[in-house]
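Novice: First, the structure itself, so that you have it in front of you.
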Amino acid sequence: MNKKFILLLLCLLVLVPLSANAATVPDSLEVPQYINALPTDFITVRWTEPESITKLYRDDKSGKVKVFAEIDYKINDGPWCTEGETWGSSSDPITRSRTMLDMDSSQHNVNNVVQAEVPYTSMGISRSVRFNFKENTYSFRVRYIYQYYADKKYNHVVSPFSEIVSVGKNIEVVLPDTLEAPLNPKAELLMDNSGIPYFSLSWDIPESVTNMDRMVKVWPVIDWKAGDGKWASEGGGNLVTAGSGLLKDSGEVDPIDTKGFGEVNIEAKEYSFRVFFKSNAFEKSIVSPFSEIISLGTPVYQYKNASSWAISELNKASEYDFITDKIRDNMQGPITREEFSEVVVRLYEKVTGEKATYQDTSAFSDTSNPEIYKAYTLKIVNGVGGGEFAPNLLITREQIAAMMHRAVKAMKPDADFSTDGVKAYPDESLVSGWALPSVKFMSKNGLMTNIKGDFVPQGTTTREQAVVIVVRTFEKYSN
């Protein structure tokens, strides 16, 4: 007897909570928020759905619960469509013959904004009249209705109505004409269940964009490029609309859909992405600036016409950002004094972590290049006399040695600058006196090599040779 009683008690302890959970009905419903309306062919009504409403229908497992949004309206000073009506108990379920949205099937964006288009026919307006925004005012309000089946009938919990929004006569709708760019973009390469790669992106949405989306639809678009190809927005493939035209803070790029990616090889190619927001209101397209660029994969190094012996160190130079725009198109060409000055300033900034600056621009009459004045302020470069720098003159090997020697002094003033015991070059007598200590310093530290045993101080230097010298200097003194 006691055993039967204990068993019955255990069953009740299990069953009672389950019954209570299944029968849980909310006492009240939150009100729709941030309601807005736009005067389009079908008046567009937008509002933000509270999370508590979303949770009601997404958590329901019984299939007997429905949540509806009822859009009430009036024209001018006339009565509200629902005036005098109440929702209580009925043997019949709600039908969608009125202006109602079944929230379980509606689309939501990242901010839970819901949109409904209200046609003039649903408001009893004839086809010949349609909406007349110059003569009439159309007002709307929204409420939620929770429908559940119990005691052999349909029952309803109804929220209060939202604030009223109106469009039409003497009501000006003002929308922003700019959009902020997406913030903090991120990307990663993932694999689907079939092992096919795709890119997953995410970004932050500025508050101003969220506010805009409450009034009119805003959506993100992903621009991309593979390697050194064109951006999709410049004709290199298909742009990717993220979120199916809804505001989202993430999206996916499937290489199959882009028509331009080709086979994804993260180890051999770099893939770059940037995101922008877009909106159309009153047939006017508004586009935000691009986000910052994010890249995945192995960079396709941006230089041309390099010698095979230099590739390895030029790849490093590209990673270190030592290859400037002026020299990248022909790495075997000779380098000028101006071009080398620009590279050395990058070296200084990379090693020290400080931005080079300048104030005085009176030293030279033949250049206004700020990078030259930065190098001059750091005492890395000098002029050629007569108040000139000679920026387009090809730089000699002894000038490079002197500039690099001074650059190390500027970057690492406590470094070892002794040159005792350095073996003399056979052509050392051809080195200018002012450059000899620098030639010895560069030789001792293995930063410049000989040419068939000689130093060749008056010889010119190719761009790739000069950049390799800078890479070696960086790697020696960057710690």
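Residues are named by chain letter and number: chains run A, B, ... in the order of the structure tokens, numbers start at 1 in each chain, and ligands are numbered from 1 in the order shown.
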Could you list, as a list in words, every residue within 8 Å of A:Met448, counting only C-alpha atoms and ignoring same-chain residues fewer than 4 positions away?
Specialist: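 After dropping sequence-adjacent residues, the list is Ala401, Met442, Ser443 and Ile469 of chain A.
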Novice: Check which residues of stretch 432-463 of chain A sit at most 9 Å from stretch 336-339 of chain A using only C-alpha atoms, and return one row each with the closest pair of atoms and their distance in Å to one decimal, ordered by chain and rising number, as a Markdown table.
Specialist:
```
| residue | atom | partner | partner_atom | distance |
| --- | --- | --- | --- | --- |
| A:Thr460 | CA | A:Thr336 | CA | 9.0 |
| A:Thr461 | CA | A:Thr336 | CA | 8.7 |
| A:Arg463 | CA | A:Thr336 | CA | 8.5 |
```
Novice: Contacts of A:Lys316 at 12 Å or less, counting only C-alpha atoms, minus same-chain residues fewer than 4 places along, as a PDB file with C-alpha atoms, in the first residue's frame?
Specialist:
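Contents of the output file selection37.pdb:
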```
ATOM      1  CA  PRO A 299      48.391  38.070 -49.738  1.00  0.00           C
ATOM      2  CA  VAL A 300      49.063  38.381 -53.425  1.00  0.00           C
ATOM      3  CA  TYR A 301      52.094  40.618 -53.202  1.00  0.00           C
ATOM      4  CA  GLN A 302      51.582  43.886 -54.980  1.00  0.00           C
ATOM      5  CA  TYR A 303      54.753  44.373 -57.015  1.00  0.00           C
ATOM      6  CA  ALA A 310      64.620  38.855 -54.731  1.00  0.00           C
ATOM      7  CA  ILE A 311      61.152  37.276 -54.448  1.00  0.00           C
ATOM      8  CA  SER A 312      61.534  35.872 -50.942  1.00  0.00           C
ATOM      9  CA  TYR A 320      56.295  44.992 -43.762  1.00  0.00           C
ATOM     10  CA  ASP A 321      54.745  47.636 -46.087  1.00  0.00           C
ATOM     11  CA  PHE A 322      58.101  48.808 -47.465  1.00  0.00           C
ATOM     12  CA  ILE A 323      57.074  48.697 -51.129  1.00  0.00           C
ATOM     13  CA  GLU A 464      64.496  45.582 -55.413  1.00  0.00           C
ATOM     14  CA  VAL A 467      64.247  47.326 -50.625  1.00  0.00           C
ATOM     15  CA  VAL A 468      66.164  44.155 -49.754  1.00  0.00           C
ATOM     16  CA  ILE A 469      68.735  46.302 -47.903  1.00  0.00           C
ATOM     17  CA  VAL A 470      65.893  47.915 -45.954  1.00  0.00           C
ATOM     18  CA  VAL A 471      64.374  44.510 -45.107  1.00  0.00           C
ATOM     19  CA  ARG A 472      67.719  43.231 -43.784  1.00  0.00           C
ATOM     20  CA  PHE A 474      64.630  46.056 -40.297  1.00  0.00           C
ATOM     21  CA  GLU A 475      65.114  42.427 -39.315  1.00  0.00           C
TER      22      GLU A 475
END
```
Novice: Can you tell me which residues surround A:Asn155 at a distance of at most 9 Å, considering only C-alpha atoms, apart from same-chain residues fewer than 4 positions away, and format the answer as a PyMOL selection string?
Specialist: chain A and resi 87-91+93+146-151
Novice: What is the distance between atom CA of A:Ala375 and atom CA of A:Asn305, in Å to one decimal?
Specialist: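 Between atom CA of A:Ala375 and atom CA of A:Asn305 the gap is 27.6 Å.
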Novice: Report as JSON lines the residues of stretch 280-390 of chain A within 9 Å of stretch 169-191 of chain A, each with its shortest atom pair and distance in Å (one decimal), using only C-alpha atoms, ordered by chain and increasing residue number.
Specialist:
```
{"residue": "A:Ala281", "atom": "CA", "partner": "A:Leu175", "partner_atom": "CA", "distance": 8.3}
{"residue": "A:Ile286", "atom": "CA", "partner": "A:Thr178", "partner_atom": "CA", "distance": 6.3}
{"residue": "A:Val287", "atom": "CA", "partner": "A:Leu179", "partner_atom": "CA", "distance": 6.5}
{"residue": "A:Ser288", "atom": "CA", "partner": "A:Leu179", "partner_atom": "CA", "distance": 4.6}
{"residue": "A:Pro289", "atom": "CA", "partner": "A:Ala181", "partner_atom": "CA", "distance": 5.2}
{"residue": "A:Phe290", "atom": "CA", "partner": "A:Ala181", "partner_atom": "CA", "distance": 5.8}
{"residue": "A:Ser291", "atom": "CA", "partner": "A:Pro182", "partner_atom": "CA", "distance": 5.2}
{"residue": "A:Glu292", "atom": "CA", "partner": "A:Pro185", "partner_atom": "CA", "distance": 6.9}
{"residue": "A:Ile293", "atom": "CA", "partner": "A:Pro185", "partner_atom": "CA", "distance": 7.8}
{"residue": "A:Ile294", "atom": "CA", "partner": "A:Lys186", "partner_atom": "CA", "distance": 6.6}
{"residue": "A:Ser295", "atom": "CA", "partner": "A:Ala187", "partner_atom": "CA", "distance": 7.6}
{"residue": "A:Leu296", "atom": "CA", "partner": "A:Glu188", "partner_atom": "CA", "distance": 7.3}
```
Novice: Keeping only C-alpha atoms, write those residues as a compact mmCIF listing (two decimals), in the first residue's frame.
Specialist:
```
# COMPACT_ATOMS: atom_id res chain seq x y z
CA ALA A 281 12.86 55.35 -49.98
CA ILE A 286 20.87 55.87 -50.23
CA VAL A 287 24.21 54.08 -49.93
CA SER A 288 26.64 54.26 -47.02
CA PRO A 289 30.43 54.42 -47.36
CA PHE A 290 32.26 51.09 -47.30
CA SER A 291 33.38 49.57 -44.03
CA GLU A 292 37.04 48.92 -43.39
CA ILE A 293 38.49 46.19 -45.59
CA ILE A 294 39.01 42.77 -44.00
CA SER A 295 41.14 40.09 -45.63
CA LEU A 296 41.72 36.37 -45.22
```
Novice: When DSSP works through the backbone of this structure, what residues of stretch 244-475 of chain A end up as strand (DSSP E or B), shown as a ChimeraX atom specification?
Specialist: /A:250-253,270-281,284-287,294-297,334,336,385,388,394,396,451,454,460,462
Novice: Skipping near chain neighbours, those fewer than 5 positions away, what residues fall within 8 Å of A:Phe133 using only C-alpha atoms, listed as an NGL selection string?
Specialist: :A and (39 or 167-169)
Novice: Mind checking which residues fall within 9 Å of A:Met123, counting only C-alpha atoms, ignoring those fewer than 2 positions away in the same chain, and posting them as a PyMOL selection string?
Specialist: chain A and resi 73-75+81+99+118-121+125-126
Novice: So that I have them on file, write out the residues from the current selection with C-alpha atoms, as an mmCIF file, in the first residue's frame.
Specialist:
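The resulting file, part-v8.cif, is reproduced below:
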```
data_model
loop_
_atom_site.group_PDB
_atom_site.id
_atom_site.type_symbol
_atom_site.label_atom_id
_atom_site.label_comp_id
_atom_site.auth_asym_id
_atom_site.auth_seq_id
_atom_site.Cartn_x
_atom_site.Cartn_y
_atom_site.Cartn_z
ATOM 1 C CA TYR A 73 -6.613 52.541 -39.144
ATOM 2 C CA LYS A 74 -8.767 55.593 -39.599
ATOM 3 C CA ILE A 75 -9.131 58.196 -42.349
ATOM 4 C CA CYS A 81 -11.798 50.470 -37.872
ATOM 5 C CA THR A 99 -5.298 43.657 -41.728
ATOM 6 C CA VAL A 118 -1.392 48.202 -46.151
ATOM 7 C CA PRO A 119 -3.196 48.371 -49.516
ATOM 8 C CA TYR A 120 -5.957 50.904 -50.113
ATOM 9 C CA THR A 121 -8.365 48.048 -50.834
ATOM 10 C CA ILE A 125 -10.898 52.708 -50.661
ATOM 11 C CA SER A 126 -11.875 52.271 -54.282
#
```
Novice: Which of stretch 169-297 of chain A end up as helix (DSSP H, G or I) when DSSP is run on this backbone - answer as a PyMOL selection string?
Specialist: chain A and resi 207-213+232-234+242-245+255-258
Novice: Report the closest atom pair, with its distance in Å rounded to one decimal, for each residue of stretch 222-293 of chain A that has an atom no farther than 9 Å from stretch 195-202 of chain A; count only C-alpha atoms, sort by chain and then rising residue number, and write it as a Markdown table.
Specialist:
```
| residue | atom | partner | partner_atom | distance |
| --- | --- | --- | --- | --- |
| A:Ile222 | CA | A:Leu201 | CA | 8.8 |
| A:Lys248 | CA | A:Ser202 | CA | 8.8 |
| A:Asp249 | CA | A:Ser202 | CA | 5.6 |
| A:Ser250 | CA | A:Ser202 | CA | 4.0 |
| A:Gly251 | CA | A:Leu201 | CA | 5.3 |
| A:Glu252 | CA | A:Ser200 | CA | 4.6 |
| A:Val253 | CA | A:Phe199 | CA | 5.0 |
| A:Asp254 | CA | A:Tyr198 | CA | 5.0 |
| A:Pro255 | CA | A:Tyr198 | CA | 6.4 |
| A:Ile256 | CA | A:Tyr198 | CA | 8.9 |
| A:Val264 | CA | A:Pro197 | CA | 7.2 |
| A:Phe273 | CA | A:Leu201 | CA | 8.7 |
```
Novice: Output C-alpha atoms for every residue in that selection, as a PDB file, in the first residue's frame.
Specialist:
```
ATOM      1  CA  ILE A 222      28.930  42.629 -49.122  1.00  0.00           C
ATOM      2  CA  LYS A 248      21.405  42.111 -40.352  1.00  0.00           C
ATOM      3  CA  ASP A 249      24.729  42.200 -38.515  1.00  0.00           C
ATOM      4  CA  SER A 250      26.116  39.142 -40.292  1.00  0.00           C
ATOM      5  CA  GLY A 251      26.099  37.434 -43.667  1.00  0.00           C
ATOM      6  CA  GLU A 252      27.638  34.668 -45.718  1.00  0.00           C
ATOM      7  CA  VAL A 253      29.510  34.720 -49.001  1.00  0.00           C
ATOM      8  CA  ASP A 254      29.187  31.518 -51.003  1.00  0.00           C
ATOM      9  CA  PRO A 255      31.887  31.469 -53.698  1.00  0.00           C
ATOM     10  CA  ILE A 256      29.482  29.659 -56.044  1.00  0.00           C
ATOM     11  CA  VAL A 264      38.829  28.924 -52.844  1.00  0.00           C
ATOM     12  CA  PHE A 273      35.688  41.993 -48.101  1.00  0.00           C
TER      13      PHE A 273
END
```
Novice: Please, which residues in stretch 77-122 of chain A fall within 12 Å of stretch 139-145 of chain A when counting only C-alpha atoms, and what is the closest atom pair and distance in Å to one decimal for each, ordered by chain then residue number, as JSON lines?
Specialist:
```
{"residue": "A:Asp77", "atom": "CA", "partner": "A:Ser139", "partner_atom": "CA", "distance": 9.3}
{"residue": "A:Gly78", "atom": "CA", "partner": "A:Ser139", "partner_atom": "CA", "distance": 10.0}
{"residue": "A:Pro79", "atom": "CA", "partner": "A:Ser139", "partner_atom": "CA", "distance": 10.5}
{"residue": "A:Trp80", "atom": "CA", "partner": "A:Phe140", "partner_atom": "CA", "distance": 8.8}
{"residue": "A:Cys81", "atom": "CA", "partner": "A:Phe140", "partner_atom": "CA", "distance": 9.9}
{"residue": "A:Thr82", "atom": "CA", "partner": "A:Arg141", "partner_atom": "CA", "distance": 10.5}
{"residue": "A:Thr86", "atom": "CA", "partner": "A:Ile145", "partner_atom": "CA", "distance": 10.8}
{"residue": "A:Trp87", "atom": "CA", "partner": "A:Ile145", "partner_atom": "CA", "distance": 8.3}
{"residue": "A:Gly88", "atom": "CA", "partner": "A:Ile145", "partner_atom": "CA", "distance": 10.3}
{"residue": "A:Pro93", "atom": "CA", "partner": "A:Ile145", "partner_atom": "CA", "distance": 11.7}
{"residue": "A:Ile94", "atom": "CA", "partner": "A:Ile145", "partner_atom": "CA", "distance": 9.5}
{"residue": "A:Thr99", "atom": "CA", "partner": "A:Val142", "partner_atom": "CA", "distance": 10.1}
{"residue": "A:Met100", "atom": "CA", "partner": "A:Val142", "partner_atom": "CA", "distance": 9.5}
{"residue": "A:Leu101", "atom": "CA", "partner": "A:Tyr144", "partner_atom": "CA", "distance": 9.5}
{"residue": "A:Asp102", "atom": "CA", "partner": "A:Ile145", "partner_atom": "CA", "distance": 9.8}
{"residue": "A:Met103", "atom": "CA", "partner": "A:Tyr144", "partner_atom": "CA", "distance": 9.2}
{"residue": "A:Val114", "atom": "CA", "partner": "A:Val142", "partner_atom": "CA", "distance": 11.3}
{"residue": "A:Gln115", "atom": "CA", "partner": "A:Val142", "partner_atom": "CA", "distance": 11.5}
{"residue": "A:Ala116", "atom": "CA", "partner": "A:Val142", "partner_atom": "CA", "distance": 10.6}
{"residue": "A:Glu117", "atom": "CA", "partner": "A:Phe140", "partner_atom": "CA", "distance": 11.8}
{"residue": "A:Val118", "atom": "CA", "partner": "A:Phe140", "partner_atom": "CA", "distance": 10.0}
```
Novice: List the spatial neighbours of A:Tyr425 as a list in words - criterion: any atom at most 9 Å away, only C-alpha atoms, same-chain residues fewer than 2 positions off excluded.
Specialist: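 Contacts, in chain order: Lys423, Asp427, Glu428, Ser429, Asn450, Gly453, Asp454 and Phe455 of chain A.
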Novice: Next, the residues of the selection above should be written as a PDB file, in the first residue's frame with N, CA and C atoms.
Specialist:
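Writing done, so here's out.pdb:
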```
ATOM      1  N   LYS A 423      87.162  44.545 -43.266  1.00  0.00           N
ATOM      2  CA  LYS A 423      88.049  44.358 -44.405  1.00  0.00           C
ATOM      3  C   LYS A 423      87.755  45.404 -45.469  1.00  0.00           C
ATOM      4  N   ASP A 427      88.094  48.595 -54.122  1.00  0.00           N
ATOM      5  CA  ASP A 427      87.861  49.926 -54.706  1.00  0.00           C
ATOM      6  C   ASP A 427      87.525  50.962 -53.634  1.00  0.00           C
ATOM      7  N   GLU A 428      88.033  50.748 -52.417  1.00  0.00           N
ATOM      8  CA  GLU A 428      87.704  51.652 -51.316  1.00  0.00           C
ATOM      9  C   GLU A 428      88.164  53.080 -51.594  1.00  0.00           C
ATOM     10  N   SER A 429      89.203  53.252 -52.369  1.00  0.00           N
ATOM     11  CA  SER A 429      89.705  54.591 -52.677  1.00  0.00           C
ATOM     12  C   SER A 429      88.712  55.423 -53.468  1.00  0.00           C
ATOM     13  N   ASN A 450      78.937  42.966 -51.600  1.00  0.00           N
ATOM     14  CA  ASN A 450      79.810  43.457 -52.664  1.00  0.00           C
ATOM     15  C   ASN A 450      79.280  43.086 -54.042  1.00  0.00           C
ATOM     16  N   GLY A 453      83.214  41.456 -55.588  1.00  0.00           N
ATOM     17  CA  GLY A 453      84.308  41.798 -54.702  1.00  0.00           C
ATOM     18  C   GLY A 453      84.420  43.272 -54.402  1.00  0.00           C
ATOM     19  N   ASP A 454      83.943  44.150 -55.268  1.00  0.00           N
ATOM     20  CA  ASP A 454      84.035  45.604 -55.068  1.00  0.00           C
ATOM     21  C   ASP A 454      82.756  46.140 -54.430  1.00  0.00           C
ATOM     22  N   PHE A 455      82.863  47.366 -53.902  1.00  0.00           N
ATOM     23  CA  PHE A 455      81.684  48.017 -53.357  1.00  0.00           C
ATOM     24  C   PHE A 455      80.946  48.815 -54.436  1.00  0.00           C
TER      25      PHE A 455
END
```
